[in-house]
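**Q** Provided herewith: query_35.cif, mmCIF, C-alpha atoms.
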data_final
loop_
_atom_site.label_atom_id
_atom_site.label_comp_id
_atom_site.auth_asym_id
_atom_site.auth_seq_id
_atom_site.Cartn_x
_atom_site.Cartn_y
_atom_site.Cartn_z
CA MET Y 20 -20.65 14.22 50.70
CA GLY Y 21 -20.50 10.52 51.44
CA LEU Y 22 -16.71 10.59 51.49
CA ALA Y 23 -16.40 13.65 53.69
CA LYS Y 24 -15.00 12.98 57.15
CA THR Y 25 -16.74 14.37 60.23
CA GLN Y 26 -15.01 16.83 62.54
CA ARG Y 27 -14.67 14.10 65.16
CA GLU Y 28 -12.65 12.01 62.70
CA THR Y 29 -10.26 14.83 61.79
CA CYS Y 30 -10.05 17.14 64.85
CA ILE Y 31 -10.06 16.89 68.62
CA THR Y 32 -13.43 17.80 70.14
CA LEU Y 33 -14.53 18.19 73.75
CA ALA Y 34 -16.10 14.73 73.50
CA HIS Y 35 -12.59 13.26 73.31
CA GLY Y 36 -12.10 14.27 76.95
CA SER Y 37 -15.38 12.88 78.27
CA GLY Y 38 -14.24 9.43 79.36
CA GLY Y 39 -16.82 7.95 76.97
CA LYS Y 40 -16.81 6.28 73.55
CA ALA Y 41 -15.00 9.08 71.70
CA MET Y 42 -12.19 9.08 74.24
CA ALA Y 43 -11.91 5.28 74.21
CA ASP Y 44 -11.66 5.30 70.41
CA LEU Y 45 -9.01 8.04 70.50
CA VAL Y 46 -6.91 6.18 73.06
CA ALA Y 47 -7.14 2.94 71.10
CA GLU Y 48 -6.50 4.39 67.66
CA VAL Y 49 -3.83 6.99 68.45
CA PHE Y 50 -2.04 6.04 71.66
CA VAL Y 51 -2.36 2.29 72.22
CA ARG Y 52 -1.54 1.54 68.59
CA ARG Y 53 1.85 3.25 68.97
CA PHE Y 54 2.69 2.66 72.63
CA ASP Y 55 1.45 -0.94 72.81
CA ASN Y 56 3.15 -3.08 75.46
CA ALA Y 57 2.19 -5.62 78.11
CA LEU Y 58 2.03 -3.07 80.94
CA LEU Y 59 -0.20 -0.69 78.98
CA ALA Y 60 -2.51 -3.35 77.51
CA PRO Y 61 -4.93 -3.74 80.49
CA LEU Y 62 -5.75 0.00 80.24
CA ASN Y 63 -6.22 0.34 83.98
CA ASP Y 64 -5.74 3.71 85.66
CA GLN Y 65 -2.25 2.66 86.70
CA ALA Y 66 0.53 0.39 85.49
CA VAL Y 67 1.72 -2.29 87.93
CA MET Y 68 5.22 -3.65 87.38
CA ASP Y 69 7.60 -6.03 89.10
CA TRP Y 70 10.55 -4.29 90.70
CA PRO Y 71 13.45 -5.54 92.82
CA GLY Y 72 11.99 -5.91 96.29
CA GLY Y 73 8.33 -5.73 95.31
CA ARG Y 74 5.70 -4.45 92.88
CA LEU Y 75 5.27 -0.81 91.94
CA ALA Y 76 2.23 1.06 90.62
CA LEU Y 77 2.66 4.19 88.52
CA THR Y 78 0.00 6.65 87.35
CA THR Y 79 -0.32 10.16 85.92
CA ASP Y 80 -3.17 12.60 85.40
CA SER Y 81 -3.79 16.21 84.38
CA TYR Y 82 -6.36 18.59 85.85
CA VAL Y 83 -8.06 21.37 83.88
CA VAL Y 84 -11.23 21.85 85.91
CA ASP Y 85 -13.31 25.00 85.45
CA PRO Y 86 -13.83 26.79 87.80
CA LEU Y 87 -10.66 26.38 89.88
CA PHE Y 88 -12.67 26.61 93.12
CA PHE Y 89 -16.05 24.91 93.44
CA PRO Y 90 -18.35 23.85 96.30
CA GLY Y 91 -16.51 21.44 98.55
CA SER Y 92 -13.07 21.52 96.94
CA ASN Y 93 -10.72 23.02 94.34
CA ILE Y 94 -8.24 22.03 91.61
CA GLY Y 95 -5.39 21.54 94.09
CA ALA Y 96 -7.08 19.00 96.34
CA LEU Y 97 -8.59 17.39 93.25
CA ALA Y 98 -5.15 16.86 91.70
CA VAL Y 99 -3.79 15.13 94.81
CA ASN Y 100 -6.86 13.03 95.58
CA GLY Y 101 -7.39 12.01 91.97
CA THR Y 102 -3.87 10.64 91.65
CA VAL Y 103 -3.96 8.97 95.08
CA ASN Y 104 -7.23 7.29 94.12
CA ASP Y 105 -5.92 6.03 90.77
CA LEU Y 106 -3.13 4.27 92.66
CA ALA Y 107 -5.40 2.97 95.42
CA VAL Y 108 -7.93 1.30 93.11
CA GLY Y 109 -5.04 -0.68 91.62
CA GLY Y 110 -4.45 -2.14 95.07
CA ALA Y 111 -1.41 0.08 95.71
CA THR Y 112 -0.43 1.99 98.81
CA PRO Y 113 0.22 5.52 97.49
CA LEU Y 114 3.60 6.92 98.56
CA TYR Y 115 4.94 9.78 96.45
CA LEU Y 116 3.54 12.34 94.01
CA THR Y 117 5.01 14.78 91.51
CA CYS Y 118 3.30 17.97 90.42
CA GLY Y 119 3.67 20.13 87.31
CA PHE Y 120 2.02 23.54 86.92
CA ILE Y 121 1.08 25.34 83.71
CA LEU Y 122 0.43 28.94 84.77
CA GLU Y 123 -1.15 31.59 82.57
CA GLU Y 124 0.32 35.06 82.66
CA GLY Y 125 -1.92 37.23 84.84
CA LEU Y 126 -2.90 34.49 87.33
CA PRO Y 127 -3.00 36.11 90.82
CA ILE Y 128 -0.21 34.70 92.99
CA GLU Y 129 -2.66 34.55 95.90
CA THR Y 130 -4.81 32.15 93.86
CA LEU Y 131 -1.78 29.93 93.31
CA ARG Y 132 -0.94 30.05 97.02
CA ARG Y 133 -4.45 28.88 97.90
CA VAL Y 134 -4.25 26.00 95.43
CA VAL Y 135 -0.83 24.87 96.65
CA GLU Y 136 -1.93 25.05 100.29
CA SER Y 137 -4.91 22.83 99.44
CA MET Y 138 -2.56 20.35 97.75
CA ALA Y 139 -0.35 20.25 100.85
CA GLN Y 140 -3.34 19.63 103.11
CA ALA Y 141 -4.72 16.91 100.82
CA ALA Y 142 -1.33 15.17 100.65
CA THR Y 143 -1.08 15.15 104.44
CA ALA Y 144 -4.60 13.76 104.77
CA ALA Y 145 -3.83 10.99 102.26
CA GLY Y 146 -0.47 10.15 103.82
CA VAL Y 147 1.63 10.91 100.73
CA GLN Y 148 4.48 13.31 99.96
CA ILE Y 149 4.89 15.63 96.98
CA VAL Y 150 8.58 15.14 96.23
CA THR Y 151 9.33 16.90 92.93
CA GLY Y 152 7.69 19.18 90.39
CA ASP Y 153 7.93 21.67 87.57
CA THR Y 154 6.48 25.09 86.71
CA LYS Y 155 5.89 26.64 83.29
CA VAL Y 156 4.33 30.02 82.47
CA VAL Y 157 2.56 30.66 79.16
CA PRO Y 158 1.44 34.02 77.69
CA ARG Y 159 -1.94 35.47 78.55
CA GLY Y 160 -4.61 33.76 76.47
CA SER Y 161 -2.54 30.59 75.88
CA ALA Y 162 -4.19 28.66 78.74
CA ASP Y 163 -7.07 29.12 81.17
CA LYS Y 164 -5.51 30.37 84.42
CA LEU Y 165 -4.00 27.13 85.76
CA PHE Y 166 -3.51 23.50 84.73
CA ILE Y 167 -1.91 20.85 86.98
CA ASN Y 168 -0.30 17.54 86.10
CA THR Y 169 0.46 14.98 88.78
CA ALA Y 170 2.11 11.57 88.75
CA GLY Y 171 2.12 9.08 91.59
CA VAL Y 172 3.95 5.96 92.66
CA GLY Y 173 2.94 3.33 95.20
CA CYS Y 174 3.70 -0.23 96.26
CA VAL Y 175 1.38 -3.19 95.66
CA PRO Y 176 1.29 -6.06 98.18
CA GLU Y 177 1.75 -9.58 96.91
CA GLY Y 178 -1.49 -11.34 96.05
CA ILE Y 179 -3.36 -8.11 95.28
CA SER Y 180 -4.19 -7.66 91.59
CA PRO Y 181 -7.57 -6.03 90.88
CA SER Y 182 -8.13 -5.48 87.17
CA ALA Y 183 -10.99 -4.71 84.81
CA ASP Y 184 -10.55 -8.06 83.02
CA ARG Y 185 -11.04 -10.31 86.07
CA LEU Y 186 -14.83 -10.22 86.56
CA GLN Y 187 -16.73 -13.51 86.73
CA SER Y 188 -20.42 -14.35 86.50
CA GLY Y 189 -22.01 -14.14 89.94
CA ASP Y 190 -19.69 -11.42 91.25
CA VAL Y 191 -21.26 -8.55 93.18
CA VAL Y 192 -20.94 -4.82 92.40
CA LEU Y 193 -20.73 -2.19 95.15
CA VAL Y 194 -20.27 1.60 95.37
CA ASN Y 195 -19.21 3.60 98.41
CA GLY Y 196 -21.86 6.31 98.36
CA PHE Y 197 -23.95 8.89 96.52
CA LEU Y 198 -23.34 9.26 92.79
CA GLY Y 199 -22.86 12.39 90.69
CA ASP Y 200 -22.04 14.86 93.47
CA HIS Y 201 -18.87 16.23 91.84
CA GLY Y 202 -20.41 16.75 88.41
CA ALA Y 203 -23.45 18.39 89.96
CA ALA Y 204 -21.29 20.69 92.12
CA ILE Y 205 -19.32 21.86 89.07
CA THR Y 206 -22.58 22.51 87.20
CA VAL Y 207 -23.92 24.60 90.07
CA ALA Y 208 -20.67 26.57 90.31
CA ARG Y 209 -20.60 27.35 86.58
CA ALA Y 210 -24.22 28.39 86.38
CA ASP Y 211 -24.20 30.18 89.76
CA LEU Y 212 -27.42 28.37 90.66
CA ALA Y 213 -29.10 29.07 93.99
CA LEU Y 214 -30.36 25.73 95.33
CA GLU Y 215 -32.36 25.07 98.48
CA SER Y 216 -30.12 22.04 99.15
CA PRO Y 217 -26.48 22.95 98.37
CA ILE Y 218 -24.48 20.30 96.49
CA GLU Y 219 -20.78 19.85 97.25
CA SER Y 220 -18.12 17.86 95.45
CA ASP Y 221 -17.31 14.46 96.95
CA CYS Y 222 -13.56 15.01 96.39
CA GLN Y 223 -11.71 12.84 98.94
CA PRO Y 224 -8.88 10.29 99.17
CA LEU Y 225 -9.95 6.67 98.92
CA ASN Y 226 -6.75 4.85 99.90
CA GLY Y 227 -7.90 4.36 103.51
CA LEU Y 228 -11.19 2.85 102.34
CA VAL Y 229 -9.41 0.58 99.86
CA SER Y 230 -7.13 -0.62 102.64
CA GLU Y 231 -10.16 -1.71 104.68
CA ILE Y 232 -11.63 -3.51 101.68
CA LEU Y 233 -8.42 -5.42 100.98
CA LYS Y 234 -8.10 -6.48 104.62
CA VAL Y 235 -11.32 -8.49 104.38
CA CYS Y 236 -11.15 -9.39 100.67
CA PRO Y 237 -7.71 -9.59 99.05
CA GLN Y 238 -9.46 -11.37 96.17
CA VAL Y 239 -11.17 -8.17 94.93
CA ARG Y 240 -11.84 -8.65 91.22
CA ALA Y 241 -11.76 -5.00 90.16
CA MET Y 242 -11.87 -1.46 91.53
CA ARG Y 243 -12.14 1.84 89.72
CA ASP Y 244 -12.89 5.40 90.82
CA ALA Y 245 -15.87 6.62 88.82
CA THR Y 246 -14.56 9.95 87.52
CA ARG Y 247 -15.18 11.14 83.92
CA GLY Y 248 -18.16 9.33 82.46
CA GLY Y 249 -19.39 8.26 85.89
CA LEU Y 250 -20.60 4.87 87.07
CA ALA Y 251 -22.05 3.80 83.72
CA THR Y 252 -18.76 4.31 81.87
CA VAL Y 253 -16.72 2.38 84.44
CA LEU Y 254 -19.09 -0.59 84.34
CA ASN Y 255 -19.07 -0.63 80.53
CA GLU Y 256 -15.27 -0.80 80.63
CA PHE Y 257 -15.48 -3.71 83.09
CA ALA Y 258 -18.06 -5.59 81.01
CA LEU Y 259 -16.07 -5.21 77.79
CA SER Y 260 -12.71 -6.07 79.36
CA SER Y 261 -14.04 -9.20 81.08
CA GLN Y 262 -16.50 -10.19 78.34
CA VAL Y 263 -19.40 -10.43 80.75
CA GLY Y 264 -22.64 -8.58 81.39
CA ILE Y 265 -23.57 -6.46 84.41
CA ARG Y 266 -27.07 -6.02 85.83
CA LEU Y 267 -27.90 -3.14 88.16
CA GLN Y 268 -30.96 -2.43 90.28
CA GLU Y 269 -32.17 1.16 89.86
CA SER Y 270 -33.71 1.10 93.34
CA ALA Y 271 -30.29 0.33 94.86
CA LEU Y 272 -28.43 3.24 93.26
CA PRO Y 273 -27.68 6.00 95.81
CA VAL Y 274 -28.35 9.47 94.31
CA ARG Y 275 -29.06 12.56 96.43
CA PRO Y 276 -32.49 14.13 95.79
CA ALA Y 277 -30.79 17.47 95.03
CA VAL Y 278 -28.56 15.83 92.39
CA GLN Y 279 -31.50 13.93 90.89
CA GLY Y 280 -33.53 17.13 90.73
CA LEU Y 281 -30.70 19.05 89.07
CA CYS Y 282 -30.29 16.30 86.48
CA GLU Y 283 -34.01 16.31 85.69
CA LEU Y 284 -33.91 20.09 85.32
CA LEU Y 285 -30.91 20.12 82.96
CA GLY Y 286 -31.39 16.82 81.14
CA PHE Y 287 -28.35 15.07 82.68
CA ASP Y 288 -28.12 11.47 83.84
CA PRO Y 289 -26.50 11.06 87.30
CA LEU Y 290 -25.09 7.67 86.27
CA TYR Y 291 -22.81 9.47 83.78
CA LEU Y 292 -21.86 12.40 86.02
CA ALA Y 293 -18.29 12.54 87.32
CA ASN Y 294 -17.39 11.60 90.88
CA GLU Y 295 -14.14 12.36 92.71
CA GLY Y 296 -14.60 10.32 95.85
CA LYS Y 297 -16.54 7.28 94.70
CA LEU Y 298 -15.23 3.88 93.71
CA VAL Y 299 -16.83 0.85 92.12
CA VAL Y 300 -15.83 -2.47 93.65
CA VAL Y 301 -16.49 -5.95 92.24
CA VAL Y 302 -15.99 -8.92 94.57
CA PRO Y 303 -16.81 -12.65 94.67
CA PRO Y 304 -20.37 -13.29 95.89
CA ASP Y 305 -19.33 -14.96 99.15
CA GLN Y 306 -17.29 -11.87 100.09
CA ALA Y 307 -19.92 -9.21 99.34
CA GLU Y 308 -21.49 -8.78 102.78
CA GLY Y 309 -18.11 -8.68 104.52
CA VAL Y 310 -16.84 -6.07 102.08
CA LEU Y 311 -20.02 -4.00 102.49
CA ALA Y 312 -19.61 -4.01 106.27
CA ALA Y 313 -15.94 -3.02 105.99
CA MET Y 314 -16.81 -0.18 103.61
CA ARG Y 315 -19.55 1.15 105.87
CA SER Y 316 -17.14 1.14 108.83
CA HIS Y 317 -14.90 3.72 107.10
CA PRO Y 318 -15.79 7.44 106.89
CA ALA Y 319 -15.47 7.38 103.09
CA GLY Y 320 -17.92 4.48 102.81
CA THR Y 321 -20.72 5.04 105.31
CA ASP Y 322 -23.30 5.19 102.50
CA SER Y 323 -22.01 2.13 100.62
CA HIS Y 324 -24.49 -0.06 98.73
CA ILE Y 325 -24.62 -3.30 96.78
CA ILE Y 326 -25.99 -2.17 93.41
CA GLY Y 327 -25.87 -5.19 91.10
CA GLU Y 328 -24.19 -8.35 89.89
CA VAL Y 329 -22.09 -9.73 87.08
CA VAL Y 330 -23.87 -12.08 84.65
CA ALA Y 331 -22.68 -14.27 81.80
CA GLU Y 332 -24.89 -12.56 79.22
CA PRO Y 333 -25.41 -10.26 77.43
CA VAL Y 334 -21.65 -9.98 76.93
CA GLY Y 335 -20.32 -6.44 76.96
CA PHE Y 336 -23.58 -4.82 78.12
CA VAL Y 337 -24.66 -3.04 81.31
CA LEU Y 338 -28.39 -3.33 82.03
CA LEU Y 339 -30.41 -1.35 84.56
CA LYS Y 340 -33.58 -2.89 86.03
CA THR Y 341 -35.90 0.11 86.28
CA ALA Y 342 -38.68 0.79 88.78
CA PHE Y 343 -41.14 -0.32 86.07
CA GLY Y 344 -39.49 -3.75 85.80
CA SER Y 345 -38.00 -3.12 82.36
CA ASP Y 346 -34.33 -3.32 81.38
CA ARG Y 347 -32.57 -0.16 80.22
CA ILE Y 348 -29.21 -0.41 78.44
CA LEU Y 349 -26.53 1.83 79.97
CA ASP Y 350 -24.28 2.40 76.98
CA ARG Y 351 -20.95 4.17 76.90
CA LEU Y 352 -21.20 7.94 77.01
CA VAL Y 353 -21.38 9.54 73.57
CA GLY Y 354 -20.40 13.20 73.51
CA ASP Y 355 -19.80 15.07 76.75
CA GLN Y 356 -22.43 16.00 79.34
CA LEU Y 357 -20.06 18.53 80.94
CA PRO Y 358 -16.49 19.26 79.73
CA ARG Y 359 -13.51 20.17 81.93
CA ILE Y 360 -14.88 18.37 84.94
CA CYS Y 361 -11.53 17.35 86.43
#
For the structure just supplied, provide its representation as structure tokens.
**A**
Amino acid sequence: MGLAKTQRETCITLAHGSGGKAMADLVAEVFVRRFDNALLAPLNDQAVMDWPGGRLALTTDSYVVDPLFFPGSNIGALAVNGTVNDLAVGGATPLYLTCGFILEEGLPIETLRRVVESMAQAATAAGVQIVTGDTKVVPRGSADKLFINTAGVGCVPEGISPSADRLQSGDVVLVNGFLGDHGAAITVARADLALESPIESDCQPLNGLVSEILKVCPQVRAMRDATRGGLATVLNEFALSSQVGIRLQESALPVRPAVQGLCELLGFDPLYLANEGKLVVVVPPDQAEGVLAAMRSHPAGTDSHIIGEVVAEPVGFVLLKTAFGSDRILDRLVGDQLPRIC
């Protein structure tokens, strides 16, 4: 018995798609070990490379959300906005996207039309073009209706280089609004819950907001959109990459009462719920108020807050100062609160 390997060690589980510890271990042990190179090593959401005439950012993502349509958005808009945001938080101006579709036999063509129309609208709103793509059809039962893969390319201005390994003690941590809306909206859609206060996904493009941030603070240390694994997972990645600690104030964290109530009912933690229109920004302390004002001036950042600071110790830990004055450790997500969230 002592020598037997667990299922997680021998087979893929849903936890490997959570954005938490299991996924980080899988990426490190299977992919990074074999693909290791200088561009991959930072493990940001995009690779930034020198190119004749400038710097390019490249990213890719796949979308398997269930259900396809949920309060506030759908898989099509999610695919465009998610890829745009992965470019934007690397400091890039998103330009072009690709899209690949895996279609299951039996999918209504009208459903596909609705998804593609949403993608077109989202691309226009974000100021990008979808310039090439691919379509594959698999037999009934070989997929779940529709999966989408997107890739994106953008240009990065000189002097802009946010990265998870650049945090310094004293830096300030900000978010651009309420946390956990997307994860809560998916939960409501799956369970068909009737709530007094409807919850909608926060799915939106963030490149316009990032542009405003960079205008006032080109020295941004790090940015990341808090998707799978939520705020807590992003900050753990920052703390580990930069070998610093991060302290948050629970009273400063913006969570809608409806989302908080849903989490209490179902045993979720909003700090680990996925977001699709929220970014975490870390800036030098003397730039924090200017960045906060710039964020609040943009429609995607009207509810922005300063939520904490970077500290020298404890290295690699994220601590939350609770309402009772105690410190709670926000560890990396173990398992998966809610699979197929994006």
**Q** Could you name the residues that touch Pro86 of chain Y at 9 Å or less, counting only C-alpha atoms, but leaving out those on the same chain fewer than 4 positions away, as an MDAnalysis selection string?
**A** chainID Y and resid 93:94 205 208:209 359:360
**Q** Can you give me, as number ranges by chain, the residues this file yields under the PyMOL selection byres ((chain Y and resi 166) around 6)?
**A** Y: 82-83, 120-121, 165, 167
**Q** Pick the closest to Val302 of chain Y from Y:Arg185, Y:His324, Y:His201, Y:Arg347: which is it, counting all atoms listed in the file?
**A** Y:Arg185
**Q** Would you translate the PyMOL selection byres ((chain Y and resi 138) around 9) into the concrete set of residues it matches in this file, as a list in words?
**A**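 When the PyMOL selection byres ((chain Y and resi 138) around 9) is applied, the selected residues are Ile94, Gly95, Ala96, Leu97, Ala98, Val99, Asn100, Arg133, Val134, Val135, Glu136, Ser137, Ala139, Gln140, Ala141, Ala142, Thr143 and Ile149 of chain Y.
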**Q** Suppose we keep C-alpha atoms; can you now write the selection as a PDB file, in the coordinates of the input?
**A**
ATOM      1  CA  ILE Y  94      -8.240  22.030  91.610  1.00  0.00           C
ATOM      2  CA  GLY Y  95      -5.390  21.540  94.090  1.00  0.00           C
ATOM      3  CA  ALA Y  96      -7.080  19.000  96.340  1.00  0.00           C
ATOM      4  CA  LEU Y  97      -8.590  17.390  93.250  1.00  0.00           C
ATOM      5  CA  ALA Y  98      -5.150  16.860  91.700  1.00  0.00           C
ATOM      6  CA  VAL Y  99      -3.790  15.130  94.810  1.00  0.00           C
ATOM      7  CA  ASN Y 100      -6.860  13.030  95.580  1.00  0.00           C
ATOM      8  CA  ARG Y 133      -4.450  28.880  97.900  1.00  0.00           C
ATOM      9  CA  VAL Y 134      -4.250  26.000  95.430  1.00  0.00           C
ATOM     10  CA  VAL Y 135      -0.830  24.870  96.650  1.00  0.00           C
ATOM     11  CA  GLU Y 136      -1.930  25.050 100.290  1.00  0.00           C
ATOM     12  CA  SER Y 137      -4.910  22.830  99.440  1.00  0.00           C
ATOM     13  CA  ALA Y 139      -0.350  20.250 100.850  1.00  0.00           C
ATOM     14  CA  GLN Y 140      -3.340  19.630 103.110  1.00  0.00           C
ATOM     15  CA  ALA Y 141      -4.720  16.910 100.820  1.00  0.00           C
ATOM     16  CA  ALA Y 142      -1.330  15.170 100.650  1.00  0.00           C
ATOM     17  CA  THR Y 143      -1.080  15.150 104.440  1.00  0.00           C
ATOM     18  CA  ILE Y 149       4.890  15.630  96.980  1.00  0.00           C
TER      19      ILE Y 149
END
**Q** Return as a list in words the set of residues that the PyMOL selection byres ((chain Y and resi 295) around 8) yields on the displayed structure.
**A**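 That selection, the PyMOL selection byres ((chain Y and resi 295) around 8), comes back as Leu97, Asn100, Gly101, His201, Ser220, Asp221, Cys222, Gln223, Asp244, Ala245, Thr246, Ala293, Asn294, Gly296 and Lys297 of chain Y.
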**Q** Using all atoms listed in the file, find each residue of segment 21-91 of chain Y with at least one atom at most 9 Å away from an atom of segment 251-275 of chain Y; report its shortest atom-to-atom pair and that distance in Å (one decimal), sort the rows by chain and rising residue number, and return the result as a Markdown table.
**A**
| residue | atom | partner | partner_atom | distance |
| --- | --- | --- | --- | --- |
| Y:Gly38 | CA | Y:Thr252 | CA | 7.3 |
| Y:Gly39 | CA | Y:Thr252 | CA | 6.4 |
| Y:Lys40 | CA | Y:Thr252 | CA | 8.8 |
| Y:Pro61 | CA | Y:Ser260 | CA | 8.2 |
**Q** Kindly give the distance, in Å, that separates atom CA of Gly249 of chain Y and atom CA of Leu298 of chain Y, rounded to a single decimal.
**A**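 Going from atom CA of Gly249 of chain Y over to atom CA of Leu298 of chain Y covers 9.9 Å.
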**Q** List the neighbours of Gly320 of chain Y out to 12 Å using only C-alpha atoms; skip same-chain residues closer than 5 positions along the sequence, and give me the result as a PDB file with C-alpha atoms, in the frame of the given file.
**A**
ATOM      1  CA  LEU Y 193     -20.730  -2.190  95.150  1.00  0.00           C
ATOM      2  CA  VAL Y 194     -20.270   1.600  95.370  1.00  0.00           C
ATOM      3  CA  ASN Y 195     -19.210   3.600  98.410  1.00  0.00           C
ATOM      4  CA  GLY Y 196     -21.860   6.310  98.360  1.00  0.00           C
ATOM      5  CA  PHE Y 197     -23.950   8.890  96.520  1.00  0.00           C
ATOM      6  CA  ASP Y 221     -17.310  14.460  96.950  1.00  0.00           C
ATOM      7  CA  GLN Y 223     -11.710  12.840  98.940  1.00  0.00           C
ATOM      8  CA  PRO Y 224      -8.880  10.290  99.170  1.00  0.00           C
ATOM      9  CA  LEU Y 225      -9.950   6.670  98.920  1.00  0.00           C
ATOM     10  CA  ASN Y 226      -6.750   4.850  99.900  1.00  0.00           C
ATOM     11  CA  GLY Y 227      -7.900   4.360 103.510  1.00  0.00           C
ATOM     12  CA  LEU Y 228     -11.190   2.850 102.340  1.00  0.00           C
ATOM     13  CA  VAL Y 229      -9.410   0.580  99.860  1.00  0.00           C
ATOM     14  CA  SER Y 230      -7.130  -0.620 102.640  1.00  0.00           C
ATOM     15  CA  GLU Y 231     -10.160  -1.710 104.680  1.00  0.00           C
ATOM     16  CA  ILE Y 232     -11.630  -3.510 101.680  1.00  0.00           C
ATOM     17  CA  GLY Y 296     -14.600  10.320  95.850  1.00  0.00           C
ATOM     18  CA  LYS Y 297     -16.540   7.280  94.700  1.00  0.00           C
ATOM     19  CA  LEU Y 298     -15.230   3.880  93.710  1.00  0.00           C
ATOM     20  CA  VAL Y 299     -16.830   0.850  92.120  1.00  0.00           C
ATOM     21  CA  VAL Y 300     -15.830  -2.470  93.650  1.00  0.00           C
ATOM     22  CA  VAL Y 310     -16.840  -6.070 102.080  1.00  0.00           C
ATOM     23  CA  LEU Y 311     -20.020  -4.000 102.490  1.00  0.00           C
ATOM     24  CA  ALA Y 312     -19.610  -4.010 106.270  1.00  0.00           C
ATOM     25  CA  ALA Y 313     -15.940  -3.020 105.990  1.00  0.00           C
ATOM     26  CA  MET Y 314     -16.810  -0.180 103.610  1.00  0.00           C
ATOM     27  CA  ARG Y 315     -19.550   1.150 105.870  1.00  0.00           C
ATOM     28  CA  ILE Y 325     -24.620  -3.300  96.780  1.00  0.00           C
TER      29      ILE Y 325
END
